[in-house]
Each structure stands twice: as structure tokens, then as C-alpha cells.
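> Contents of structure27.txt (compact mmCIF, C-alpha atoms):
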# COMPACT_ATOMS: atom_id res chain seq x y z
CA MET A 1 3.37 -10.07 -13.67
CA ASN A 2 5.84 -7.20 -13.40
CA PHE A 3 5.00 -3.47 -13.51
CA ASN A 4 7.59 -3.09 -16.27
CA GLU A 5 5.40 -5.27 -18.51
CA LEU A 6 2.55 -2.75 -18.41
CA SER A 7 1.88 -0.27 -21.21
CA ILE A 8 2.50 2.74 -18.98
CA SER A 9 4.89 5.68 -19.19
CA ASP A 10 8.55 5.31 -18.24
CA GLU A 11 8.10 8.13 -15.70
CA VAL A 12 5.40 6.21 -13.81
CA LYS A 13 7.50 3.03 -13.98
CA ARG A 14 10.34 5.00 -12.34
CA GLY A 15 8.00 6.24 -9.60
CA LEU A 16 6.84 2.68 -8.91
CA ALA A 17 10.43 1.42 -8.89
CA ASP A 18 11.36 4.12 -6.37
CA ARG A 19 8.71 2.62 -4.08
CA GLY A 20 10.18 -0.85 -4.53
CA PHE A 21 7.20 -1.98 -6.62
CA GLU A 22 8.22 -4.76 -9.00
CA GLU A 23 5.97 -7.81 -8.84
CA MET A 24 2.28 -6.88 -9.06
CA PHE A 25 -0.31 -7.89 -6.48
CA PRO A 26 -3.25 -10.01 -7.73
CA ILE A 27 -5.70 -7.08 -7.67
CA GLN A 28 -3.25 -5.01 -9.74
CA VAL A 29 -2.85 -7.78 -12.31
CA GLN A 30 -6.64 -8.02 -12.60
CA ALA A 31 -7.50 -4.31 -12.54
CA ILE A 32 -4.77 -2.25 -14.19
CA PRO A 33 -4.92 -3.61 -17.79
CA PRO A 34 -8.71 -3.18 -18.19
CA MET A 35 -8.59 0.24 -16.50
CA LEU A 36 -5.81 1.32 -18.87
CA ASP A 37 -8.26 0.37 -21.62
CA GLY A 38 -10.86 2.68 -20.07
CA ARG A 39 -13.20 0.04 -18.65
CA ASN A 40 -15.23 0.49 -15.44
CA ILE A 41 -14.35 -1.73 -12.47
CA ILE A 42 -16.07 -2.95 -9.30
CA GLY A 43 -13.36 -4.36 -7.03
CA GLN A 44 -13.95 -6.35 -3.88
CA ALA A 45 -10.70 -5.95 -1.98
CA LYS A 46 -9.66 -5.25 1.59
CA THR A 47 -7.20 -2.58 2.64
CA GLY A 48 -3.68 -3.90 2.15
CA THR A 49 -4.28 -5.72 -1.13
CA GLY A 50 -2.57 -3.07 -3.27
CA LYS A 51 -5.71 -1.44 -4.62
CA THR A 52 -4.38 2.15 -4.44
CA ALA A 53 -1.86 1.41 -7.18
CA ALA A 54 -4.55 -0.59 -9.00
CA PHE A 55 -6.63 2.55 -9.49
CA GLY A 56 -3.92 5.22 -9.08
CA VAL A 57 -1.66 4.14 -11.95
CA PRO A 58 -4.45 4.09 -14.61
CA MET A 59 -5.72 7.45 -13.29
CA ILE A 60 -2.30 9.06 -13.78
CA GLU A 61 -1.99 7.55 -17.26
CA ARG A 62 -5.27 9.20 -18.34
CA LEU A 63 -4.09 12.70 -17.43
CA ASP A 64 -3.34 15.39 -20.00
CA TRP A 65 -0.41 17.43 -18.65
CA GLU A 66 -1.35 20.37 -20.87
CA GLU A 67 -4.64 20.77 -19.00
CA ARG A 68 -4.18 22.56 -15.66
CA ARG A 69 -7.53 21.47 -14.25
CA VAL A 70 -8.90 18.60 -12.17
CA GLN A 71 -9.08 15.42 -14.27
CA GLY A 72 -9.08 12.72 -11.58
CA LEU A 73 -11.29 12.46 -8.48
CA VAL A 74 -11.02 10.00 -5.59
CA LEU A 75 -13.70 9.82 -2.88
CA ALA A 76 -12.69 8.35 0.49
CA PRO A 77 -14.62 7.96 3.79
CA THR A 78 -12.04 9.52 6.13
CA ARG A 79 -9.39 12.21 6.23
CA GLU A 80 -6.69 9.65 7.14
CA LEU A 81 -7.44 7.41 4.16
CA ALA A 82 -7.64 10.41 1.80
CA VAL A 83 -4.19 11.60 2.93
CA GLN A 84 -2.71 8.11 2.49
CA ILE A 85 -4.19 7.70 -1.00
CA ALA A 86 -2.93 11.15 -2.08
CA THR A 87 0.56 10.39 -0.74
CA ASP A 88 0.69 7.09 -2.62
CA ILE A 89 -0.59 8.50 -5.92
CA SER A 90 1.86 11.41 -5.67
CA SER A 91 4.72 8.95 -5.26
CA TYR A 92 3.71 6.99 -8.39
CA GLY A 93 3.84 10.24 -10.36
CA ASN A 94 6.97 11.58 -8.69
CA HIS A 95 8.80 11.83 -12.05
CA THR A 96 5.86 13.51 -13.82
CA PRO A 97 4.35 17.04 -13.50
CA LEU A 98 1.57 15.51 -11.35
CA ARG A 99 -0.11 17.75 -8.76
CA VAL A 100 -2.38 16.02 -6.22
CA LEU A 101 -4.51 17.80 -3.61
CA THR A 102 -6.23 16.34 -0.55
CA VAL A 103 -9.43 18.04 0.61
CA TYR A 104 -11.26 17.27 3.86
CA GLY A 105 -13.14 19.07 6.59
CA GLY A 106 -11.98 20.20 10.00
CA VAL A 107 -9.19 22.39 8.62
CA SER A 108 -9.06 25.80 6.93
CA ILE A 109 -10.55 25.72 3.45
CA GLU A 110 -8.49 28.69 2.25
CA ARG A 111 -5.27 26.77 1.59
CA GLN A 112 -7.23 24.17 -0.38
CA ILE A 113 -8.83 26.97 -2.43
CA ASP A 114 -5.40 28.47 -3.14
CA GLU A 115 -4.08 25.11 -4.36
CA LEU A 116 -7.11 24.57 -6.59
CA ARG A 117 -6.62 28.02 -8.13
CA ARG A 118 -2.98 27.20 -8.90
CA GLY A 119 -4.12 24.08 -10.72
CA VAL A 120 -4.13 20.42 -9.71
CA HIS A 121 -4.63 17.24 -11.72
CA ILE A 122 -6.10 14.90 -9.10
CA VAL A 123 -8.23 15.68 -6.03
CA VAL A 124 -8.62 13.12 -3.23
CA GLY A 125 -11.23 14.03 -0.65
CA THR A 126 -14.09 13.26 1.67
CA PRO A 127 -17.59 13.79 0.23
CA GLY A 128 -18.68 16.69 2.49
CA ARG A 129 -15.69 18.93 1.80
CA LEU A 130 -15.75 18.09 -1.91
CA ILE A 131 -19.35 19.31 -2.12
CA ASP A 132 -18.40 22.43 -0.15
CA HIS A 133 -15.82 23.28 -2.83
CA MET A 134 -18.25 22.47 -5.63
CA ARG A 135 -20.87 24.84 -4.24
CA ARG A 136 -18.30 27.60 -3.76
CA GLY A 137 -17.23 27.17 -7.36
CA THR A 138 -13.64 26.40 -6.33
CA LEU A 139 -13.84 22.77 -7.56
CA ARG A 140 -15.08 22.32 -11.11
CA LEU A 141 -15.64 18.80 -12.38
CA GLU A 142 -16.28 19.27 -16.11
CA GLY A 143 -12.73 18.09 -16.90
CA ILE A 144 -13.02 14.84 -14.93
CA LYS A 145 -11.78 11.77 -16.84
CA SER A 146 -11.78 9.21 -14.02
CA VAL A 147 -13.50 8.79 -10.65
CA VAL A 148 -12.69 6.35 -7.84
CA LEU A 149 -15.01 5.45 -4.96
CA ASP A 150 -12.70 3.89 -2.37
CA GLU A 151 -14.06 1.90 0.59
CA ALA A 152 -17.56 2.47 -0.78
CA ASP A 153 -19.14 0.27 1.90
CA ARG A 154 -17.70 2.49 4.65
CA MET A 155 -18.90 5.64 2.92
CA LEU A 156 -22.40 4.14 2.70
CA ASP A 157 -22.24 3.08 6.37
CA MET A 158 -21.41 6.71 7.23
CA GLY A 159 -24.48 8.01 5.40
CA PHE A 160 -22.70 9.52 2.39
CA ILE A 161 -24.98 8.02 -0.29
CA ASP A 162 -26.70 11.34 -1.17
CA ASP A 163 -23.35 13.17 -1.25
CA ILE A 164 -21.80 10.51 -3.49
CA GLU A 165 -24.72 10.66 -5.91
CA TYR A 166 -24.62 14.47 -5.98
CA ILE A 167 -20.91 14.43 -6.85
CA LEU A 168 -21.29 11.74 -9.51
CA ARG A 169 -24.23 13.56 -11.15
CA ASN A 170 -21.97 16.60 -11.57
CA THR A 171 -19.21 14.73 -13.40
CA PRO A 172 -19.15 14.25 -17.19
CA LYS A 173 -21.11 11.31 -18.56
CA GLU A 174 -18.07 10.08 -20.48
CA LYS A 175 -15.55 9.05 -17.82
CA GLN A 176 -13.99 5.98 -16.28
CA ILE A 177 -15.22 5.02 -12.83
CA SER A 178 -14.18 2.35 -10.36
CA LEU A 179 -15.76 1.32 -7.06
CA TRP A 180 -13.76 -0.46 -4.37
CA SER A 181 -15.27 -2.14 -1.34
CA ALA A 182 -14.38 -4.84 1.20
CA THR A 183 -17.94 -6.18 0.77
CA ILE A 184 -20.22 -6.04 -2.25
CA ASP A 185 -23.77 -5.85 -0.91
CA ASP A 186 -27.13 -4.64 -2.23
CA ARG A 187 -26.23 -0.98 -1.55
CA THR A 188 -22.98 -1.04 -3.49
CA LEU A 189 -24.62 -3.03 -6.31
CA ARG A 190 -27.44 -0.46 -6.58
CA LEU A 191 -24.89 2.35 -6.72
CA SER A 192 -22.83 0.52 -9.33
CA ARG A 193 -25.86 -0.29 -11.51
CA ARG A 194 -26.75 3.40 -11.61
CA TYR A 195 -23.29 4.93 -12.13
CA LEU A 196 -20.96 2.17 -13.41
CA PRO A 197 -22.40 0.95 -16.71
CA ASN A 198 -20.85 -2.17 -18.26
CA SER A 199 -18.51 -2.63 -15.29
CA GLU A 200 -16.30 -5.65 -14.62
CA MET A 201 -16.37 -7.34 -11.20
CA LEU A 202 -13.00 -8.24 -9.65
CA ILE A 203 -12.58 -10.12 -6.38
CA VAL A 204 -9.44 -10.62 -4.33
CA SER A 205 -9.64 -13.60 -1.99
CA LYS A 206 -10.53 -12.50 1.51
CA ASP A 207 -7.98 -14.84 3.04
CA GLU A 208 -5.13 -13.70 0.80
CA ILE A 209 -3.77 -11.61 3.66
CA ALA A 210 -4.90 -13.00 7.02
CA VAL A 211 -3.19 -11.32 9.95
CA GLU A 212 -5.33 -12.83 12.70
CA SER A 213 -3.18 -15.98 12.94
CA ILE A 214 0.10 -14.04 13.29
CA ASP A 215 1.61 -13.13 16.66
CA GLN A 216 2.43 -9.48 15.93
CA ARG A 217 4.86 -7.56 18.14
CA TYR A 218 6.97 -4.42 18.02
CA MET A 219 10.00 -3.11 19.89
CA ILE A 220 11.11 0.48 20.46
CA VAL A 221 14.76 0.55 19.39
CA ALA A 222 17.28 3.34 18.80
CA GLU A 223 18.64 3.27 15.25
CA HIS A 224 22.22 2.64 16.38
CA GLU A 225 21.12 -0.26 18.62
CA LYS A 226 19.19 -2.19 15.99
CA PHE A 227 21.90 -4.70 15.11
CA GLU A 228 22.72 -5.69 18.68
CA THR A 229 19.01 -5.89 19.48
CA LEU A 230 18.46 -8.12 16.45
CA LYS A 231 21.12 -10.56 17.65
CA GLN A 232 19.62 -10.59 21.15
CA LEU A 233 16.12 -11.12 19.75
CA ILE A 234 17.32 -14.07 17.64
CA ASP A 235 18.79 -15.70 20.75
CA TYR A 236 15.85 -14.87 23.02
CA MET A 237 13.14 -16.14 20.65
CA ASP A 238 15.29 -19.04 19.42
CA VAL A 239 14.82 -17.90 15.82
CA ASP A 240 15.86 -20.77 13.58
CA ARG A 241 14.59 -19.35 10.26
CA ALA A 242 13.51 -15.82 9.44
CA LEU A 243 12.83 -13.34 6.68
CA ILE A 244 14.34 -9.97 7.66
CA PHE A 245 12.99 -6.87 5.93
CA CYS A 246 14.79 -3.56 5.40
CA ARG A 247 13.64 -0.42 3.60
CA ARG A 248 16.70 0.11 1.43
CA ARG A 249 18.99 -2.09 -0.66
CA MET A 250 22.02 -0.51 1.02
CA THR A 251 20.69 -1.52 4.44
CA VAL A 252 20.07 -5.06 3.20
CA ASP A 253 23.66 -5.40 1.98
CA ARG A 254 25.17 -3.89 5.13
CA LEU A 255 23.02 -5.96 7.48
CA THR A 256 23.75 -9.15 5.58
CA ALA A 257 27.50 -8.47 5.72
CA ARG A 258 27.36 -7.80 9.49
CA LEU A 259 25.36 -10.96 10.13
CA ARG A 260 27.81 -13.05 8.11
CA ARG A 261 30.77 -11.53 9.99
CA GLU A 262 29.07 -12.69 13.20
CA ARG A 263 28.78 -16.23 11.75
CA TYR A 264 25.05 -16.06 11.01
CA ASP A 265 23.88 -17.93 7.91
CA ALA A 266 22.46 -14.97 5.97
CA GLU A 267 21.99 -13.96 2.30
CA ALA A 268 20.58 -10.82 0.68
CA ILE A 269 17.79 -10.56 -1.89
CA HIS A 270 16.80 -7.34 -3.66
CA GLY A 271 16.10 -5.91 -7.10
CA GLN A 272 19.69 -5.15 -8.08
CA LEU A 273 20.83 -8.76 -7.85
CA SER A 274 20.74 -10.87 -10.99
CA GLN A 275 17.68 -13.02 -11.56
CA ALA A 276 19.82 -16.16 -11.22
CA ARG A 277 21.23 -14.98 -7.88
CA ARG A 278 17.80 -14.08 -6.53
CA GLU A 279 16.40 -17.46 -7.56
CA LYS A 280 19.25 -19.30 -5.85
CA VAL A 281 18.86 -17.38 -2.58
CA LEU A 282 15.11 -17.92 -2.68
CA ARG A 283 15.49 -21.62 -3.45
CA ASP A 284 17.96 -22.12 -0.60
CA PHE A 285 15.69 -20.30 1.81
CA ARG A 286 12.60 -22.18 0.65
CA ASP A 287 14.46 -25.50 1.04
CA SER A 288 15.61 -24.53 4.58
CA LYS A 289 19.26 -24.50 3.49
CA LEU A 290 19.48 -20.84 4.52
CA THR A 291 18.62 -19.47 7.98
CA PHE A 292 18.18 -15.75 7.31
CA MET A 293 17.06 -14.09 4.11
CA VAL A 294 17.52 -10.30 4.30
CA ALA A 295 15.24 -8.56 1.83
CA THR A 296 13.76 -5.36 0.47
CA GLU A 297 10.05 -5.23 -0.42
CA VAL A 298 10.75 -7.34 -3.51
CA ALA A 299 10.43 -10.45 -1.32
CA ALA A 300 7.13 -9.30 0.19
CA ARG A 301 5.15 -9.89 -2.97
CA GLY A 302 4.76 -12.49 -5.62
CA LEU A 303 7.36 -14.92 -4.26
CA ASP A 304 6.38 -18.47 -3.41
CA ILE A 305 7.67 -18.70 0.16
CA VAL A 306 5.75 -21.04 2.45
CA ASP A 307 6.14 -21.73 6.16
CA VAL A 308 8.41 -18.92 7.36
CA PRO A 309 8.14 -19.03 11.17
CA PHE A 310 9.52 -15.52 11.80
CA ILE A 311 9.24 -12.16 10.03
CA LEU A 312 11.64 -9.57 11.47
CA ASN A 313 11.05 -6.02 10.27
CA TYR A 314 14.48 -4.47 10.83
CA ASP A 315 13.00 -1.26 9.37
CA ILE A 316 9.35 -0.27 9.58
CA PRO A 317 7.98 -0.19 5.99
CA ASP A 318 7.73 3.11 4.11
CA ASP A 319 4.20 2.22 3.08
CA PRO A 320 1.91 1.04 5.91
CA PHE A 321 0.02 -1.19 3.45
CA MET A 322 3.27 -3.01 2.72
CA TYR A 323 3.27 -4.27 6.32
CA PHE A 324 0.49 -6.72 5.37
CA HIS A 325 2.51 -8.20 2.59
CA ARG A 326 5.68 -8.50 4.63
CA ILE A 327 4.02 -10.36 7.49
CA GLY A 328 1.85 -12.32 5.05
CA ARG A 329 4.90 -14.48 4.33
CA THR A 330 4.29 -16.27 7.66
CA ALA A 331 1.34 -18.18 9.18
CA ARG A 332 0.44 -19.80 5.88
CA ALA A 333 -1.25 -23.13 5.20
CA GLY A 334 -2.72 -23.24 8.69
CA LYS A 335 0.61 -22.68 10.45
CA SER A 336 1.32 -20.03 13.07
CA GLY A 337 3.94 -17.32 12.82
CA VAL A 338 5.57 -14.42 14.63
CA ALA A 339 6.25 -10.94 13.24
CA VAL A 340 8.43 -8.46 15.15
CA THR A 341 8.89 -4.86 13.97
CA PHE A 342 11.67 -2.51 15.12
CA VAL A 343 10.29 1.00 15.65
CA THR A 344 12.59 3.95 16.30
CA PHE A 345 11.62 6.66 18.77
CA ASP A 346 10.30 9.00 16.05
CA GLN A 347 8.19 6.36 14.29
CA GLY A 348 5.35 5.99 16.80
CA GLU A 349 2.75 7.51 14.49
CA GLU A 350 3.77 5.19 11.66
CA MET A 351 3.26 2.20 13.95
CA GLU A 352 -0.13 3.50 15.07
CA ARG A 353 -1.21 3.83 11.43
CA ILE A 354 -0.18 0.23 10.75
CA GLU A 355 -2.07 -1.01 13.81
CA ALA A 356 -5.18 0.90 12.73
CA LEU A 357 -5.00 -0.68 9.27
CA THR A 358 -4.48 -4.24 10.48
CA GLY A 359 -7.41 -4.08 12.91
CA THR A 360 -5.55 -6.53 15.18
CA PRO A 361 -3.46 -5.81 18.27
CA ILE A 362 0.31 -5.47 17.87
CA LYS A 363 1.92 -6.13 21.23
CA LYS A 364 4.79 -4.03 22.52
CA MET A 365 7.64 -6.23 23.73
CA SER A 366 11.05 -5.86 25.29
CA LEU A 367 13.90 -8.24 26.05
CA PRO A 368 14.66 -9.46 29.60
CA PRO A 369 17.57 -7.68 31.30
CA SER A 370 19.83 -10.72 30.96
CA PHE A 371 19.75 -10.37 27.17
CA LEU A 372 20.72 -6.71 27.32
CA LEU A 373 24.01 -7.22 29.16
Take the structure in the file and give it back as C-alpha cells.


Amino acid sequence: MNFNELSISDEVKRGLADRGFEEMFPIQVQAIPPMLDGRNIIGQAKTGTGKTAAFGVPMIERLDWEERRVQGLVLAPTRELAVQIATDISSYGNHTPLRVLTVYGGVSIERQIDELRRGVHIVVGTPGRLIDHMRRGTLRLEGIKSVVLDEADRMLDMGFIDDIEYILRNTPKEKQISLWSATIDDRTLRLSRRYLPNSEMLIVSKDEIAVESIDQRYMIVAEHEKFETLKQLIDYMDVDRALIFCRRRMTVDRLTARLRRERYDAEAIHGQLSQARREKVLRDFRDSKLTFMVATEVAARGLDIVDVPFILNYDIPDDPFMYFHRIGRTARAGKSGVAVTFVTFDQGEEMERIEALTGTPIKKMSLPPSFLL
């Protein structure tokens, strides 16, 4: 299913398109339509399954732009996750008047108070700091239309149950609420029975994105040295078939042209190609008639590509969650696979965030001196 098929505003569709979102992930297909209808959802889904868009898009669609008060609330266990969620939701609403604020402890509360006074539509925060604002009177929840509890199991592990219940009790009775958790246990079920009446249970297969069987590596590379390094890497690792990911369509086209000039068997695939052209490139790659398929994020999701031995991330993904879906094209059906990511000197923090999300080691590698001559 495609995002363009959803009954959502053209402005949100443009924001999603800017992010390269076209094909929907399974959790999005399952969750977005019922949430657009106002139904409550309990979703069992790991990080990296696309759940932020699953709850973020319906939340934006429920907003009234004439009301300059908080209408959407997202609870998250950590500052880092709250920041990531807020960044993602802001990007979906980039072509709307949307104002999103992140609130968490450990930093000055004054700037957050100033932003709340100016008026925001959605607040994403950790439970402790949210309650701090509520008690100061700087965060008022009577206008709330939707609430999200993200990574509920982690919040319960961290002892936030009383805080969560306090916040929920202070929201309007009539609202939409969704709870998202990697595991649905007795604690999350008790919480959902109390605060999510008539909810629907959605489950994304735990092995949909399995990174443990992938040999993950990264290389520190200067931007202007990427192409030469790519050629050397192909020779060094004896890469006979690979999916190469770039952030931008322009980069895909340029890289494909350079590879073809150097006699590499390469074709491009991205959203601006015709459907017939994309299907032919995909078919040739799937049938092993094509060695290198150079792609934007469009090839990371929803495409039936099995047994790709190498994933080469020419560019680190814009969205750290997208890393899962890129490398998830390899190591399928019990096979092994290798994923190598090029990281420029100023992208260290982005790589650290990806490694933290995957929960598996990503090895730093370099080429032997003989390949650098």
C-alpha cells in the first residue's frame, strides 16, 4: 500500500514524499487507517518497524490549525527517543503550520515554557518533565485529542507507571490513544485495559527485521573519496551482487552513471522513474541479470528482493530507523549477508545513534594499503 492511497492531506503527503516515504511498512498499513478513523490501538512493534509514522501521521491529521494549544501528546522513556520522535513528526508536517515541542529533564525549563506560551500543537516528552510542566501550569491538557505511549514496556521498566497514570487521568475522556511496545505483557495489558477502551491489537512479526545475522560494518570516508573507495571495496570484498543506497535521487543518477562509465553493470531505481522502468530494473536485479542496483529509500521497503549478499550504504540514511530497512534486504531466508556503510567525518553521531538502535555491534573497517594505491 502506498501513502498516496491514504485519506490524508496533500500537505502531509508532500512531507512524507520529502522523506522518501512511498511504500508503507506493514505496521503502517495495519495502524494508520483505523487510527484515522479514531480507533484506539495497541501495537506490538520493535524500533525500526516504522511505528513513528504509524502514530504520527494520524496525530497530525486530527489537529485543528485554528487552535493554538496542545492537541497531541507523545510519552517516551528517554530524551533521545523523544527528540527523534519529535524530529520525525515535524518532518511529516513540514508543509503544514505544525509546531512540535520536545520536553525532557536535565536542561533549562525556561525555553520549554517560552515555547509552550507561544503555542504548540504536539508535545513529545518524558513523563517526569511533562508532570513538572503540568504542575507549573505551563502545560495544559484539556485540548488533547490524541495520546501516544511509545515503548511502554521500557517506561514501565523504568518505574514510570504512576507518572503515566497521572498524565492520562488529566487528559480528556474523549480522545484517541495508542500504546506501542516491543512486548505485550501483563503490565501493558493492565494499563491498556484501564486507559484504552475498545482497542485493537496489532502485531508486527518479531523477525521482520532481524539484524543479528548480518555482518555490519562501517568505513570513515571523505565525501570526495567515496567513489574510489567504493570501487576498491567492491574489489577487496569480491562483491558480485549488491544493492547500493544513496540519500538523494541526484546522487543515485550520478553514481550509476560513474559506475557504468567504469564498466560496472549498474542501474538506478528511484521514485522519479516510470513504474515500468522500476519494475524492469527490479526484475533484472532479482533474476541476477544485474550486478549493482543503485537506489534511494524506495527500494528499502515493500519490494520483494530476496538473497542480496551485499548492502552498500554509499550515504548514511537521513533517518536512523531507515537503516534497518536498508540492511533488511540481505540475510533473508536463512542466508548470511554483509552491510557496509560509508560515514563521513562529521557523521559520527549519526552512526552512534544507528548502532544504539540496532543493539548489535557495527564493526569499523578499513581497506589494506594495497587497495589504496

> Could you check the closest approach to Leu290 of chain A for each of A:Tyr264, A:Phe25, A:Tyr195, A:Phe342 and tell me which residue wins, using all atoms listed in the file?

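Closest candidate: A:Tyr264.
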
> Can you work out which one of A:Pro320, A:Gly337, A:Pro77, A:Gly328 has the shortest atom-to-atom distance to Phe160 of chain A, counting only C-alpha atoms?

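Counting only C-alpha atoms, the residue closest to Phe160 of chain A is A:Pro77.
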
> Please identify all polymer residues within 12 Å of Arg258 of chain A, counting all atoms listed in the file, omitting same-chain residues fewer than 3 positions from it, and present them as a PDB file with C-alpha atoms, in the coordinates of the input.


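File selection-v2.pdb, as written:
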ATOM      1  CA  LYS A 226      19.190  -2.190  15.990  1.00  0.00           C
ATOM      2  CA  PHE A 227      21.900  -4.700  15.110  1.00  0.00           C
ATOM      3  CA  GLU A 228      22.720  -5.690  18.680  1.00  0.00           C
ATOM      4  CA  LEU A 230      18.460  -8.120  16.450  1.00  0.00           C
ATOM      5  CA  LYS A 231      21.120 -10.560  17.650  1.00  0.00           C
ATOM      6  CA  THR A 251      20.690  -1.520   4.440  1.00  0.00           C
ATOM      7  CA  VAL A 252      20.070  -5.060   3.200  1.00  0.00           C
ATOM      8  CA  ASP A 253      23.660  -5.400   1.980  1.00  0.00           C
ATOM      9  CA  ARG A 254      25.170  -3.890   5.130  1.00  0.00           C
ATOM     10  CA  LEU A 255      23.020  -5.960   7.480  1.00  0.00           C
ATOM     11  CA  ARG A 261      30.770 -11.530   9.990  1.00  0.00           C
ATOM     12  CA  GLU A 262      29.070 -12.690  13.200  1.00  0.00           C
ATOM     13  CA  ARG A 263      28.780 -16.230  11.750  1.00  0.00           C
ATOM     14  CA  TYR A 264      25.050 -16.060  11.010  1.00  0.00           C
ATOM     15  CA  ASP A 265      23.880 -17.930   7.910  1.00  0.00           C
ATOM     16  CA  ALA A 266      22.460 -14.970   5.970  1.00  0.00           C
ATOM     17  CA  GLU A 267      21.990 -13.960   2.300  1.00  0.00           C
ATOM     18  CA  ALA A 268      20.580 -10.820   0.680  1.00  0.00           C
ATOM     19  CA  VAL A 294      17.520 -10.300   4.300  1.00  0.00           C
TER      20      VAL A 294
END

> Give me the residues near segment 173-186 of chain A as a ChimeraX atom specification, where near means some atom within 7 Å (using only C-alpha atoms) and where sequence neighbours in that chain fewer than 6 positions away do not count.

/A:38-46,144-153,196

> With only C-alpha atoms as the atoms that count, which of A:Gln28, A:Thr188, A:Asn4, A:Thr330 lies nearest to Gly50 of chain A?

A:Gln28

> Which residue gives the smallest distance to Leu116 of chain A among A:Val70, A:Val340, A:Ile85, A:Leu259, with only C-alpha atoms counted?

A:Val70

> What is the distance between atom CA of Ala82 of chain A and atom CA of Asn313 of chain A, in Å to one decimal?

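So the answer is 26.3 Å.
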
> Any idea what's packed within 10 Å of Ile327 of chain A, counting all atoms listed in the file, ignoring anything in its chain fewer than 5 positions away? Could you give it as number ranges by chain?

A: 209-211, 214-216, 243, 245, 300, 308, 310-313, 322, 337-341

> Excluding Val12 of chain A and its own-chain neighbours fewer than 4 positions away, which residues fall within 12 Å of it when counting all atoms listed in the file? Please give them as a list of chain:residue names.

A:Phe3, A:Asn4, A:Leu6, A:Ser7, A:Ile8, A:Leu16, A:Ala17, A:Asp18, A:Arg19, A:Phe21, A:Ala53, A:Gly56, A:Val57, A:Pro58, A:Met59, A:Ile60, A:Glu61, A:Arg62, A:Ile89, A:Ser90, A:Ser91, A:Tyr92, A:Gly93, A:Asn94, A:His95, A:Thr96, A:Pro97, A:Leu98

> Pick from A:Ser192, A:Thr102, A:Asn2, A:Ser336: nearest to His121 of chain A, with only C-alpha atoms counted?

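Result for the nearest residue to His121 of chain A: A:Thr102.
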
> One decimal, Å: what's the distance from atom CA of Tyr218 of chain A over to atom CA of Pro309 of chain A, could you say?

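Going from atom CA of Tyr218 of chain A over to atom CA of Pro309 of chain A, I get 16.2 Å.
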